[in-house]
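For reference, my_file_33.cif (mmCIF, C-alpha atoms and all ligand atoms):
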data_coords
#
loop_
_atom_site.label_atom_id
_atom_site.label_comp_id
_atom_site.auth_asym_id
_atom_site.auth_seq_id
_atom_site.Cartn_x
_atom_site.Cartn_y
_atom_site.Cartn_z
CA MET A 27 131.57 99.72 -0.31
CA ARG A 28 133.86 98.65 -3.12
CA SER A 29 131.16 98.87 -5.75
CA THR A 30 130.57 102.58 -5.03
CA SER A 31 134.23 103.58 -4.76
CA ILE A 32 135.98 105.40 -7.60
CA ILE A 33 137.85 103.10 -9.97
CA PRO A 34 141.32 104.65 -10.29
CA HIS A 35 142.79 105.33 -13.70
CA SER A 36 146.01 103.48 -12.87
CA ARG A 37 147.36 101.55 -9.93
CA PRO A 38 150.50 99.52 -9.05
CA THR A 39 150.16 95.74 -8.75
CA LEU A 40 151.79 94.71 -5.48
CA GLY A 41 151.49 91.45 -3.57
CA THR A 42 153.02 89.28 -0.88
CA ALA A 43 156.02 88.28 -3.01
CA ASP A 44 156.86 91.97 -3.54
CA ARG A 45 156.59 92.77 0.16
CA GLN A 46 158.77 89.77 1.06
CA ALA A 47 161.39 90.74 -1.51
CA ILE A 48 161.66 94.29 -0.12
CA SER A 49 161.74 93.03 3.49
CA ALA A 50 164.52 90.56 2.69
CA ALA A 51 166.58 93.32 1.06
CA ILE A 52 166.14 95.59 4.06
CA ALA A 53 166.95 92.73 6.49
CA SER A 54 170.19 92.08 4.57
CA GLY A 55 171.48 95.52 5.57
CA GLN A 56 172.41 96.30 1.94
CA LEU A 57 170.30 99.36 1.21
CA ALA A 58 172.31 101.26 -1.39
CA GLN A 59 173.16 99.98 -4.90
CA GLY A 60 174.41 96.41 -4.58
CA PRO A 61 173.94 92.86 -5.87
CA ARG A 62 170.18 93.16 -6.38
CA VAL A 63 170.70 96.15 -8.66
CA THR A 64 173.26 94.13 -10.66
CA ALA A 65 170.88 91.18 -10.92
CA PHE A 66 167.98 93.45 -11.95
CA GLU A 67 170.11 95.03 -14.68
CA ALA A 68 171.06 91.60 -16.02
CA ARG A 69 167.44 90.39 -16.10
CA VAL A 70 166.07 93.46 -17.90
CA ALA A 71 168.96 93.26 -20.38
CA ARG A 72 168.16 89.60 -21.06
CA LEU A 73 164.47 90.40 -21.55
CA THR A 74 165.27 93.11 -24.10
CA GLY A 75 168.15 91.35 -25.84
CA THR A 76 170.68 94.05 -24.94
CA ALA A 77 174.28 93.79 -23.73
CA GLY A 78 173.45 95.19 -20.29
CA GLY A 79 171.61 97.77 -18.23
CA VAL A 80 172.38 100.70 -15.94
CA ALA A 81 169.72 101.05 -13.26
CA VAL A 82 169.00 104.60 -12.16
CA SER A 83 166.54 106.68 -10.16
CA SER A 84 164.05 107.44 -12.96
CA GLY A 85 163.35 107.14 -16.66
CA THR A 86 164.23 110.81 -17.01
CA ALA A 87 167.65 110.20 -15.39
CA ALA A 88 168.17 107.21 -17.73
CA LEU A 89 167.52 109.43 -20.75
CA HIS A 90 169.85 112.12 -19.45
CA LEU A 91 172.63 109.52 -19.05
CA ALA A 92 171.83 108.14 -22.52
CA LEU A 93 172.25 111.56 -24.10
CA VAL A 94 175.50 112.30 -22.26
CA ALA A 95 176.82 108.81 -23.11
CA LEU A 96 176.07 109.50 -26.79
CA GLY A 97 177.98 112.78 -26.53
CA VAL A 98 174.88 114.92 -27.08
CA GLY A 99 175.30 118.45 -25.74
CA PRO A 100 174.97 122.16 -26.53
CA GLY A 101 174.47 122.88 -30.22
CA ASP A 102 172.99 119.42 -30.87
CA GLU A 103 169.36 118.70 -31.64
CA VAL A 104 167.32 115.79 -30.33
CA ILE A 105 164.08 114.86 -32.12
CA LEU A 106 161.12 113.76 -30.01
CA PRO A 107 157.36 113.72 -30.40
CA SER A 108 155.29 116.53 -28.96
CA TYR A 109 152.67 114.01 -27.83
CA LEU A 110 154.64 112.87 -24.78
CA CYS A 111 155.01 113.52 -21.05
CA ALA A 112 157.47 116.19 -19.88
CA GLY A 113 160.24 113.89 -18.52
CA PRO A 114 162.13 113.51 -21.83
CA LEU A 115 162.02 117.26 -22.44
CA HIS A 116 163.68 117.83 -19.05
CA ALA A 117 166.39 115.29 -19.89
CA ILE A 118 167.19 116.99 -23.21
CA GLN A 119 167.33 120.39 -21.52
CA HIS A 120 169.62 118.97 -18.78
CA ALA A 121 171.98 117.71 -21.49
CA GLY A 122 172.10 121.27 -22.88
CA ALA A 123 170.76 120.09 -26.26
CA THR A 124 167.90 121.59 -28.28
CA PRO A 125 164.62 119.65 -28.37
CA ARG A 126 163.10 119.44 -31.83
CA LEU A 127 159.45 118.45 -31.54
CA VAL A 128 157.67 116.54 -34.29
CA ASP A 129 154.07 115.60 -34.84
CA CYS A 130 152.60 112.16 -34.11
CA ASP A 131 150.45 109.87 -36.20
CA PRO A 132 147.06 110.25 -34.50
CA THR A 133 146.01 106.70 -35.43
CA THR A 134 148.88 105.02 -33.51
CA TYR A 135 149.90 108.03 -31.33
CA ASN A 136 153.52 107.22 -32.19
CA LEU A 137 156.09 109.20 -34.18
CA ASP A 138 155.26 109.68 -37.84
CA PRO A 139 158.49 108.84 -39.75
CA SER A 140 157.65 111.27 -42.56
CA HIS A 141 157.55 114.17 -40.07
CA VAL A 142 160.82 112.99 -38.52
CA LYS A 143 162.46 112.91 -41.94
CA ARG A 144 161.45 116.50 -42.61
CA SER A 145 162.86 117.63 -39.24
CA LEU A 146 166.36 116.20 -39.68
CA THR A 147 169.14 118.78 -39.82
CA ARG A 148 172.91 118.56 -39.72
CA TYR A 149 172.62 119.23 -35.98
CA THR A 150 170.39 116.19 -35.29
CA LYS A 151 172.32 113.91 -32.92
CA ALA A 152 169.62 111.59 -31.61
CA LEU A 153 166.05 110.50 -32.19
CA LEU A 154 163.91 109.61 -29.16
CA VAL A 155 161.37 106.94 -30.13
CA PRO A 156 158.69 106.28 -27.52
CA HIS A 157 156.52 103.18 -27.85
CA LEU A 158 153.53 105.06 -26.59
CA PHE A 159 150.82 103.42 -24.51
CA GLY A 160 152.56 100.02 -25.06
CA LEU A 161 152.46 99.97 -28.88
CA PRO A 162 155.87 99.72 -30.61
CA ALA A 163 156.65 102.60 -32.98
CA ASP A 164 157.49 102.11 -36.66
CA LEU A 165 161.06 101.08 -35.85
CA SER A 166 162.22 99.95 -39.26
CA GLU A 167 161.27 103.27 -40.90
CA LEU A 168 162.66 105.33 -38.04
CA MET A 169 165.91 103.39 -37.84
CA SER A 170 166.49 103.74 -41.57
CA LEU A 171 166.91 107.51 -41.17
CA GLY A 172 170.54 107.14 -40.12
CA VAL A 173 170.32 108.95 -36.75
CA PRO A 174 171.13 107.19 -33.43
CA VAL A 175 167.84 105.95 -31.98
CA ILE A 176 167.06 105.97 -28.27
CA GLU A 177 164.04 103.76 -27.71
CA ASP A 178 161.76 104.99 -24.94
CA CYS A 179 160.33 101.79 -23.45
CA ALA A 180 158.88 103.54 -20.38
CA GLN A 181 155.41 102.31 -21.37
CA ALA A 182 156.29 99.20 -23.36
CA LEU A 183 158.46 96.75 -21.43
CA GLY A 184 157.67 93.30 -22.87
CA ALA A 185 156.18 94.54 -26.17
CA THR A 186 157.52 93.10 -29.41
CA TYR A 187 158.14 94.50 -32.88
CA ARG A 188 158.39 91.87 -35.62
CA ASP A 189 158.63 89.25 -32.87
CA ARG A 190 161.62 90.84 -31.13
CA PRO A 191 161.34 92.70 -27.82
CA VAL A 192 161.51 96.48 -27.93
CA GLY A 193 164.59 97.97 -26.28
CA GLY A 194 166.98 95.91 -28.40
CA PHE A 195 166.64 97.87 -31.64
CA GLY A 196 168.08 101.33 -30.97
CA GLU A 197 171.63 102.29 -30.02
CA LEU A 198 170.23 102.83 -26.54
CA ALA A 199 166.93 102.34 -24.77
CA ILE A 200 165.42 103.60 -21.55
CA CYS A 201 162.77 102.22 -19.20
CA SER A 202 160.82 103.75 -16.34
CA PHE A 203 159.73 101.89 -13.23
CA TYR A 204 157.52 104.68 -11.84
CA ALA A 205 154.77 103.49 -9.47
CA THR A 206 152.12 102.84 -12.11
CA LYS A 207 154.32 101.63 -14.95
CA VAL A 208 154.16 98.04 -16.32
CA ILE A 209 156.51 96.97 -13.51
CA THR A 210 157.55 99.26 -10.70
CA THR A 211 160.32 100.06 -8.24
CA GLY A 212 158.38 103.05 -6.83
CA GLU A 213 160.50 105.48 -8.81
CA GLY A 214 163.28 104.17 -11.01
CA GLY A 215 164.58 103.68 -14.50
CA MET A 216 167.16 101.87 -16.59
CA LEU A 217 169.36 102.57 -19.56
CA LEU A 218 169.97 99.63 -21.89
CA ALA A 219 172.58 99.32 -24.62
CA ARG A 220 173.54 96.88 -27.33
CA ASP A 221 177.07 98.29 -27.51
CA VAL A 222 179.28 97.50 -24.51
CA ARG A 223 181.28 100.71 -24.92
CA LEU A 224 178.16 102.85 -24.57
CA LEU A 225 177.14 100.77 -21.59
CA ARG A 226 180.51 101.31 -19.88
CA ARG A 227 180.27 105.04 -20.56
CA ALA A 228 176.84 105.22 -18.91
CA GLN A 229 178.04 103.14 -15.93
CA ASP A 230 181.01 105.46 -15.53
CA LEU A 231 178.70 108.49 -15.48
CA ARG A 232 176.70 106.98 -12.62
CA GLU A 233 179.70 106.00 -10.43
CA TYR A 234 180.32 109.54 -9.28
CA ASP A 235 182.44 109.09 -6.14
CA LYS A 236 185.84 107.64 -5.19
CA ARG A 237 187.22 107.92 -8.71
CA ARG A 238 190.82 108.64 -9.65
CA THR A 239 189.82 111.45 -11.98
CA PHE A 240 187.09 114.04 -11.83
CA ARG A 241 184.48 114.85 -14.45
CA THR A 242 180.85 115.79 -14.06
CA ARG A 243 179.03 112.61 -13.12
CA PHE A 244 175.59 111.92 -11.71
CA ASN A 245 174.34 110.34 -8.52
CA TYR A 246 171.35 108.70 -10.19
CA LYS A 247 171.66 105.39 -8.35
CA MET A 248 168.87 102.95 -7.60
CA THR A 249 168.72 101.40 -4.10
CA ASP A 250 169.02 97.65 -3.57
CA PHE A 251 165.57 97.42 -1.99
CA GLN A 252 164.07 99.09 -5.06
CA ALA A 253 165.87 96.53 -7.23
CA ALA A 254 164.51 93.74 -5.00
CA LEU A 255 161.02 94.98 -5.85
CA GLY A 256 162.01 95.27 -9.50
CA LEU A 257 163.20 91.64 -9.59
CA SER A 258 160.02 90.44 -7.94
CA GLN A 259 157.88 92.48 -10.35
CA LEU A 260 159.84 91.23 -13.35
CA ARG A 261 159.09 87.61 -12.40
CA GLN A 262 155.40 88.54 -12.60
CA LEU A 263 155.69 90.40 -15.92
CA PRO A 264 154.27 87.56 -18.08
CA VAL A 265 151.20 87.38 -15.82
CA PHE A 266 150.84 91.18 -15.78
CA LEU A 267 150.96 91.28 -19.58
CA ALA A 268 148.49 88.42 -20.00
CA LYS A 269 146.04 90.22 -17.71
CA ARG A 270 146.44 93.50 -19.57
CA ARG A 271 145.78 91.76 -22.89
CA ALA A 272 142.72 89.97 -21.53
CA LEU A 273 141.31 93.28 -20.25
CA ALA A 274 142.00 94.95 -23.61
CA ASP A 275 140.21 92.08 -25.41
CA ARG A 276 137.22 92.58 -23.15
CA TYR A 277 137.13 96.32 -23.88
CA ASN A 278 137.51 95.61 -27.63
CA GLN A 279 134.54 93.25 -27.52
CA GLU A 280 132.25 95.28 -25.30
CA LEU A 281 132.88 98.72 -26.77
CA ARG A 282 132.49 97.56 -30.36
CA GLY A 283 129.55 99.27 -32.00
CA LEU A 284 129.84 102.45 -29.94
CA PRO A 285 130.74 105.65 -31.80
CA LEU A 286 134.37 105.58 -30.74
CA ALA A 287 137.59 104.23 -32.24
CA GLY A 288 139.48 101.57 -30.35
CA PRO A 289 143.26 101.07 -30.37
CA PHE A 290 144.81 100.45 -33.78
CA VAL A 291 147.51 97.76 -33.82
CA PRO A 292 149.57 97.35 -37.04
CA ALA A 293 150.13 93.70 -37.99
CA ASP A 294 153.90 93.62 -37.35
CA ARG A 295 153.74 94.59 -33.67
CA ASP A 296 152.34 93.54 -30.38
CA HIS A 297 150.54 96.00 -28.05
CA ILE A 298 150.93 95.42 -24.31
CA PHE A 299 148.15 97.87 -23.40
CA TYR A 300 149.93 99.92 -20.82
CA ARG A 301 147.06 102.27 -21.66
CA TYR A 302 143.75 101.47 -23.30
CA VAL A 303 143.08 104.58 -25.35
CA VAL A 304 139.96 105.26 -27.40
CA ARG A 305 139.20 108.24 -29.61
CA VAL A 306 135.93 109.89 -28.83
CA GLY A 307 135.50 112.91 -31.04
CA ARG A 308 134.69 116.28 -29.56
CA GLY A 309 133.57 116.90 -25.99
CA LEU A 310 136.36 114.97 -24.28
CA VAL A 311 136.48 117.12 -21.14
CA PRO A 312 132.75 116.84 -20.28
CA MET A 313 133.04 113.08 -20.94
CA LEU A 314 135.86 112.80 -18.41
CA SER A 315 133.68 114.61 -15.85
CA ARG A 316 130.68 112.40 -16.56
CA LEU A 317 132.79 109.26 -16.17
CA GLU A 318 134.19 110.60 -12.88
CA ARG A 319 130.64 111.17 -11.64
CA ALA A 320 129.87 107.57 -12.63
CA GLY A 321 132.80 106.39 -10.47
CA VAL A 322 135.38 105.89 -13.23
CA SER A 323 138.62 107.85 -13.38
CA ALA A 324 139.48 108.22 -17.05
CA ARG A 325 142.20 110.58 -18.26
CA ARG A 326 143.80 112.30 -21.18
CA PRO A 327 146.72 109.88 -21.70
CA VAL A 328 149.12 112.78 -22.26
CA PHE A 329 148.55 115.60 -19.81
CA ARG A 330 149.69 118.44 -22.11
CA PRO A 331 151.57 118.12 -25.41
CA LEU A 332 155.08 119.51 -25.29
CA HIS A 333 154.53 122.08 -28.06
CA ARG A 334 151.92 123.71 -25.85
CA TYR A 335 154.47 124.07 -23.03
CA LEU A 336 156.94 125.56 -25.50
CA LYS A 337 154.24 127.72 -27.12
CA LEU A 338 154.85 126.28 -30.60
CA ALA A 339 152.23 125.96 -33.32
CA GLY A 340 151.74 123.46 -36.15
CA PHE A 341 151.22 120.01 -34.66
CA PRO A 342 147.83 118.96 -36.10
CA GLY A 343 148.18 115.21 -35.39
CA THR A 344 149.17 115.87 -31.80
CA GLU A 345 146.38 118.42 -31.34
CA GLU A 346 143.90 115.90 -32.72
CA ALA A 347 145.16 113.18 -30.38
CA TRP A 348 145.03 115.56 -27.42
CA ARG A 349 141.50 116.68 -28.31
CA THR A 350 140.09 113.19 -28.82
CA ALA A 351 142.10 110.51 -26.95
CA LEU A 352 140.59 109.13 -23.76
CA SER A 353 142.39 106.59 -21.58
CA LEU A 354 140.32 104.06 -19.62
CA PRO A 355 141.50 102.21 -16.49
CA ILE A 356 143.63 99.15 -17.33
CA TYR A 357 145.92 97.32 -14.89
CA PRO A 358 146.21 93.74 -13.63
CA THR A 359 144.15 94.38 -10.46
CA LEU A 360 141.20 95.93 -12.34
CA LYS A 361 139.52 92.50 -12.59
CA GLY A 362 135.69 92.59 -12.34
CA ASP A 363 135.62 96.40 -12.05
CA ILE A 364 136.05 96.45 -15.82
CA GLU A 365 132.31 95.71 -16.03
CA ARG A 366 131.55 98.96 -14.21
CA VAL A 367 133.85 100.86 -16.57
CA ILE A 368 132.19 99.27 -19.61
CA GLY A 369 128.73 100.07 -18.22
CA ALA A 370 129.67 103.71 -17.60
CA VAL A 371 131.17 104.11 -21.08
CA ARG A 372 128.17 102.51 -22.76
CA ARG A 373 125.75 104.78 -20.89
CA LEU A 374 127.88 107.78 -21.82
CA PHE A 375 127.82 107.01 -25.51
CA LEU A 376 124.38 105.59 -25.95
CA GLY A 377 123.04 108.89 -24.57
CA GLN A 378 124.83 111.15 -27.04
CA ALA A 379 125.95 109.17 -30.08
CA GLY A 380 124.47 111.72 -32.50
CA GLY A 381 126.87 114.45 -31.37
CA LEU A 382 130.07 112.50 -32.01
CA ASP A 383 132.50 112.90 -34.81
CA LYS A 384 131.60 110.03 -37.15
CA LYS A 385 134.72 110.67 -39.25
CA ILE A 386 136.87 109.22 -36.47
CA VAL A 387 134.82 106.05 -36.27
CA ARG A 388 135.00 105.54 -40.02
CA ALA A 389 138.73 106.17 -40.07
CA ARG A 390 139.58 103.70 -37.35
CA GLY A 391 136.87 101.05 -37.68
C1 LIG B 1 157.03 107.64 -22.42
C2 LIG B 1 157.74 108.09 -21.17
N1 LIG B 1 159.01 108.47 -21.26
C3 LIG B 1 159.71 108.85 -20.17
C4 LIG B 1 159.12 108.89 -18.92
C5 LIG B 1 159.92 109.39 -17.76
O1 LIG B 1 160.04 108.42 -16.76
P1 LIG B 1 160.15 108.82 -15.22
O2 LIG B 1 158.82 109.32 -14.78
O3 LIG B 1 160.55 107.55 -14.54
O4 LIG B 1 161.22 109.87 -15.11
C6 LIG B 1 157.80 108.47 -18.78
C7 LIG B 1 157.13 108.43 -17.47
O5 LIG B 1 156.40 109.16 -17.03
C8 LIG B 1 157.08 108.07 -19.94
O6 LIG B 1 155.80 107.69 -19.87
#
As structure tokens, the full file:
Amino acid sequence: MRSTSIIPHSRPTLGTADRQAISAAIASGQLAQGPRVTAFEARVARLTGTAGGVAVSSGTAALHLALVALGVGPGDEVILPSYLCAGPLHAIQHAGATPRLVDCDPTTYNLDPSHVKRSLTRYTKALLVPHLFGLPADLSELMSLGVPVIEDCAQALGATYRDRPVGGFGELAICSFYATKVITTGEGGMLLARDVRLLRRAQDLREYDKRRTFRTRFNYKMTDFQAALGLSQLRQLPVFLAKRRALADRYNQELRGLPLAGPFVPADRDHIFYRYVVRVGRGLVPMLSRLERAGVSARRPVFRPLHRYLKLAGFPGTEEAWRTALSLPIYPTLKGDIERVIGAVRRLFLGQAGGLDKKIVRARG
């Protein structure tokens, strides 16, 4: 039965400890934000080397709070890559700021600092730096541009840049704990800050009721039973990351020699393989269908680049990534099913190697 079922593209990793943690939180009668949320914030802050965290209902909510805490509003511009999911674009629009999209580097899929530099204006108030697919962005270059950096660690909790965990470099950072993220609380997110004043400002924005004064604040709270799951997941993070790396090593070994380009990891950073993304040349969509027919759910790792939503032209790196990047299943519970994925990918390529774009293979090795 299992061998003929479809292998999902992503999947949460949940076990007995997680179920017990949620049950204990519910049995305690403390359902809304409480001590487990506080403990979860402290643990994520310690992991990332920040002064503290503000747990919220999603990564998008965390980014919205981050922008408001930084004082970003109408008339201000926020730079972000076009090769990204829609959540950050919503957050920027909610803050009333103007999104300024820039192109990505199609070899790492992360922001290209030279494009960012060219997009800076006197209205630029923040730079959103995602560590896409689990690979840290070029932080030293991006941070040297003199604009407040918000690290987007939604896909990279536990990754390191020059041996320090991501999340602790920018003025602020955000995480997502959506169901299939590295660790999950179902839905959820967190803002992290190095500066205690920014942290207090974000906390203030979340505590919307029973205040002496009124200003627009946000009920973005996380529940205590979500935080109980978050704490339990966080304890398992080292195991989750080790499993992801082992699976990525296996893909690296077994897909070597095929006409595709595996993930590129610069020497000064550590990839946690939230996604295992290969570049396959032209014909991505038929390949996705053929893999699905072979029982493997593969995906475009970014559903639709943001410049396409906004009907903007001129993002060649992003277009290239969108046209050629294919994401294979990778998550701690994949286990032996990886052999089926490898088999399906090998059959796919060995049948049609002649039609692939050899330039990509040469460029990425
Ligand atoms: C890179 C990135 N940033 C931000 C978000 C937004 O997080 P959420 O879905 O929790 O709002 C996501 C999640 O989809 C993401 O992958």
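If you look at atom CA of Arg144 of chain A and atom CA of Ala163 of chain A, they are 17.6 Å away from each other.
Close contacts of Arg366 of chain A, defined as residues with an atom at most 9 Å away when counting only C-alpha atoms, with chain neighbours fewer than 3 positions off set aside, comprise Ser29, Ile33, Ala320, Gly321, Val322, Gly362, Asp363, Gly369, Ala370 and Val371 of chain A.
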Would you save the residues of that selection, restricted to C-alpha atoms, as a tab-separated table (two decimals), keeping the file's coordinate frame?
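Here's the written file selection_18.tsv:
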chain	number	residue	atom	x	y	z
A	29	SER	CA	131.16	98.87	-5.75
A	33	ILE	CA	137.85	103.10	-9.97
A	320	ALA	CA	129.87	107.57	-12.63
A	321	GLY	CA	132.80	106.39	-10.47
A	322	VAL	CA	135.38	105.89	-13.23
A	362	GLY	CA	135.69	92.59	-12.34
A	363	ASP	CA	135.62	96.40	-12.05
A	369	GLY	CA	128.73	100.07	-18.22
A	370	ALA	CA	129.67	103.71	-17.60
A	371	VAL	CA	131.17	104.11	-21.08
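Nearest to ligand LIG 1 (chain B) of all the residues A:His297, A:His90, A:Arg223, A:Arg373 is A:His90, counting only C-alpha atoms and all ligand atoms.
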Can you pull out every residue with an atom within 7 Å of ligand LIG 1 (chain B)? Use only C-alpha atoms and all ligand atoms and format it as a PyMOL selection string.
chain A and resi 84-87+110-111+113-114+156+158+178-181+202-204+213-215
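The shortest atom-to-atom distance to Ile364 of chain A, with all atoms listed in the file taken into account, belongs to A:Leu273 out of A:Leu267, A:Met313, A:Leu273, A:Ala324.
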Please identify all polymer residues within 7 Å of Pro327 of chain A, counting only C-alpha atoms, omitting same-chain residues fewer than 2 positions from it, and present them as a ChimeraX atom specification.
/A:325,329,352-353
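Atom pair atom CA of Leu376 of chain A / atom CA of Ser31 of chain A: separated by 23.5 Å.
When all atoms listed in the file are used to compute distances to Phe290 of chain A, the closest of the residues A:Ser108, A:Thr39, A:Thr344, A:Thr134 turns out to be A:Thr134.
Here atom CA of Leu281 of chain A is placed at a distance of 26.3 Å from atom CA of Arg330 of chain A.
Compared by their closest atoms to Ala205 of chain A, and using only C-alpha atoms, the residues A:Gln252, A:Gln262, A:Ser170, A:Thr186 rank with A:Gln252 nearest.
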Close residues, Pro100 of chain A itself excluded, 8 Å, all atoms listed in the file, min 6 positions apart in chain, as a list of chain:residue names
A:Ala121, A:Gly122, A:Ala123, A:Thr124
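For the residues A:Leu224, A:Ala253, A:Val311, A:Ile368, ranking by smallest atom-to-atom distance to Glu280 of chain A using only C-alpha atoms places A:Ile368 first.
When all atoms listed in the file are used to measure the gap to Asp138 of chain A, the shortest distance among A:Gly41, A:Pro342, A:Pro107, A:Pro125 belongs to A:Pro107.
Non-sequential neighbours of Gly75 of chain A (distance at most 7 Å, separation of 3 or more positions within a chain, all atoms listed in the file) are Ala71, Arg72 and Gly194 of chain A.
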Pull the closest atom pair for each residue of segment 52-83 of chain A that gets at most 12 Å from segment 230-251 of chain A, along with the distance in Å to one decimal, counting all atoms listed in the file, ordering rows by chain and then ascending residue number, as a tab-separated table.
residue	atom	partner	partner_atom	distance
A:Ile52	CA	A:Phe251	CA	6.3
A:Ala53	CA	A:Phe251	CA	9.8
A:Ser54	CA	A:Phe251	CA	9.6
A:Gly55	CA	A:Asp250	CA	9.7
A:Gln56	CA	A:Asp250	CA	6.6
A:Leu57	CA	A:Asp250	CA	5.2
A:Ala58	CA	A:Thr249	CA	4.5
A:Gln59	CA	A:Thr249	CA	4.7
A:Gly60	CA	A:Asp250	CA	5.6
A:Pro61	CA	A:Asp250	CA	7.2
A:Arg62	CA	A:Asp250	CA	5.4
A:Val63	CA	A:Asp250	CA	5.6
A:Thr64	CA	A:Asp250	CA	9.0
A:Ala65	CA	A:Asp250	CA	10.0
A:Phe66	CA	A:Asp250	CA	9.4
A:Glu67	CA	A:Met248	CA	10.7
A:Gly79	CA	A:Arg232	CA	11.9
A:Val80	CA	A:Arg232	CA	8.3
A:Ala81	CA	A:Met248	CA	6.0
A:Val82	CA	A:Lys247	CA	4.7
A:Ser83	CA	A:Met248	CA	5.1
Leaving out Val142 of chain A and any residue of its chain fewer than 5 positions from it, which residues lie within 9 Å of it when counting all atoms listed in the file, given as a PyMOL selection string?
chain A and resi 105-107+127-129+137+153+168+171
Let me know the centre plus edge lengths, in Å and rounded to one decimal, of a box with edges along x, y and z that contains all listed atoms of segment 54-73 of chain A and is padded by 8 Å on every side, as AutoDock Vina command-line options.
--center_x 169.4 --center_y 95.4 --center_z -8.0 --size_x 25.9 --size_y 27.7 --size_z 43.1
